[in-house]
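J.: Please find one structure pasted underneath; my questions will follow.
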Amino acid sequence: MTKQKQLYEGKAKKVYQTEDPELLIVSYKDDATAFNGLKKGSIAGKGVINNQMSNLLMQMLEKNGIPTHFVEELSERETLVKRVSIVPLEVIVRNISAGSFAKRYGVEEGIVFAAPTIEFSYKNDELGDPLINSYHAIALRLASPEEIETIKKYSFGINELLKAFWKECGVTLVDFKLEFGRLSSGSIVLADEISPDTCRLWDSETGEKLDKDRFRRDLGGVEDAYQEIMRRLREHIK
Ligand code: UDP
């Protein structure tokens with residue numbers, strides 16, 4: 001399978017058509033943005049890490065019964081995926097308070113929740129991805145009630161699998177963002193990526209941040225953090 005016409009260029013990835021209408025090639029860039037594109041930069045080697053990490057995690061999830069868009073890793077930065085139409089919701093699962101949750105409710109970061117939470121944002125750059133509840137998502141036909149139930153079930157299942165996986169790497173999974181898509185058959189699969197760009201990952205011992213917050217908050221050591229989290233993942237799956 002080879003790259004044909006470029007379909008789309010996003011903040012961190014490019015997407016190409018292939019000879020097969022049901023398959024696309026995703027190419028990961030080193031570009032990084034934050035705060036709805038206001039902060040721009042580059043993280044050397046990020047594209048390679050996000051591609052490889054996302055693929056390893058999606059294969060782990062597939063083995064555990066979660067359908068994903070993953071087909072085959074083609075190179076360091078490129079992956080063959082199933083073509084989906086993206087459900088325009090960012091699905092955020094949280095185990096510990098951080099980021100916009102801590103800000104919204106005026107609480108400190110690091111509170112371990114009584115139970116994991118889920119929330120949705122409406123994917124719309126012009127509006128700045130506003131929070132949306134499931135009734136509003138259904139009202140606007142962004143997803144059907146059945147799709148919302150499937151997305152919730154998969155998301156909490158993914159949380160348990162990822163939490164256990166990262167724990168064995170000495171990493172605490174604080175929160176993460178998922179995106180889902182519909183195959184041409186209509187069935188829902190996990191799409192987009194799972195990477196330090198889309199997860200908060202804290203060292204279990206020291207609490208050190210090993211994710212994109214180092215870039216967002218100008219904490220320094222951004223490249224090192226991405227390398228370190230990938231090293232731990234590799235060490236664990238060896
Ligand atoms: N997240 C993401 N893309 C977004 C917004 C959030 O991948 O556009 C991820 C983020 O990395 C974190 C989780 O979703 O792991 C929760 O983010 P939060 O709502 O706290 O927003 P933030 O503080 O990142 O603005």
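Quick note on naming: the chains in the structure tokens go A, B, ... in the order shown, residues restart at 1 in each chain, and ligands are numbered from 1 in order of appearance.
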Hey, which residues sit close to ligand 1? Say within 9 Å, counting only C-alpha atoms and all ligand atoms, and write them as a PyMOL selection string.

T.: chain A and resi 34-36+90-94+97-103+119+121+123+128-129+173-178+193-201+211-213+216

J.: From a backbone DSSP assignment, name each residue in range 7-232 of chain A labelled helix (DSSP H, G or I), as a PyMOL selection string.

T.: chain A and resi 46-63+99-105+125-127+134-139+145-168+213-216+222-232

J.: Just the strand (DSSP E or B) stuff from range 102-150 of chain A, please, per backbone DSSP, written as a ChimeraX atom specification.

T.: /A:112-122,131-132

J.: Could you take the residues named above and write them with N, CA and C atoms, as a compact mmCIF listing (two decimals), in the first residue's frame?

T.:
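Output saved as part_7.txt:
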# COMPACT_ATOMS: atom_id res chain seq x y z
N VAL A 112 -6.98 11.62 43.76
CA VAL A 112 -7.37 10.32 43.19
C VAL A 112 -8.88 10.19 43.33
N PHE A 113 -9.56 10.00 42.19
CA PHE A 113 -11.02 9.97 42.19
C PHE A 113 -11.57 8.70 42.83
N ALA A 114 -12.79 8.84 43.39
CA ALA A 114 -13.50 7.68 43.95
C ALA A 114 -13.80 6.67 42.85
N ALA A 115 -14.04 7.17 41.64
CA ALA A 115 -14.29 6.29 40.48
C ALA A 115 -13.90 7.08 39.23
N PRO A 116 -13.48 6.39 38.16
CA PRO A 116 -13.11 7.10 36.92
C PRO A 116 -14.29 7.91 36.38
N THR A 117 -13.98 9.00 35.68
CA THR A 117 -15.03 9.83 35.08
C THR A 117 -14.88 9.85 33.56
N ILE A 118 -15.97 10.22 32.90
CA ILE A 118 -15.94 10.40 31.43
C ILE A 118 -16.62 11.72 31.10
N GLU A 119 -16.11 12.40 30.10
CA GLU A 119 -16.77 13.61 29.60
C GLU A 119 -16.51 13.71 28.10
N PHE A 120 -17.35 14.49 27.44
CA PHE A 120 -17.22 14.68 26.00
C PHE A 120 -17.00 16.16 25.69
N SER A 121 -16.15 16.41 24.68
CA SER A 121 -16.07 17.75 24.10
C SER A 121 -16.50 17.64 22.64
N TYR A 122 -17.20 18.67 22.18
CA TYR A 122 -17.61 18.74 20.78
C TYR A 122 -16.41 19.19 19.98
N LEU A 131 -17.26 21.65 26.08
CA LEU A 131 -17.84 20.48 26.75
C LEU A 131 -19.26 20.28 26.21
N ILE A 132 -19.66 19.01 26.10
CA ILE A 132 -21.03 18.72 25.64
C ILE A 132 -21.50 17.49 26.40

J.: With distances taken over only C-alpha atoms, which residue among A:Gly65, A:Leu80, A:Val71, A:Glu228 lies nearest Met1 in chain A?

T.: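 Closest to Met1 in chain A of all the choices is A:Leu80.
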
J.: State, in Å with one decimal place, the distance from CA of Leu7 in chain A to CA of Arg83 in chain A.

T.: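 For CA of Leu7 in chain A relative to CA of Arg83 in chain A, the distance reads 11.4 Å.
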
J.: Mind pulling up the distance from CA of Val48 in chain A to CA of Arg77 in chain A?

T.: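 Distance reported for this atom pair: 5.0 Å.
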
J.: Could you tell me how far CA of Glu179 in chain A lies from CA of Lys5 in chain A, in Å and to one decimal?

T.: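 Going from CA of Glu179 in chain A over to CA of Lys5 in chain A, I get 23.5 Å.
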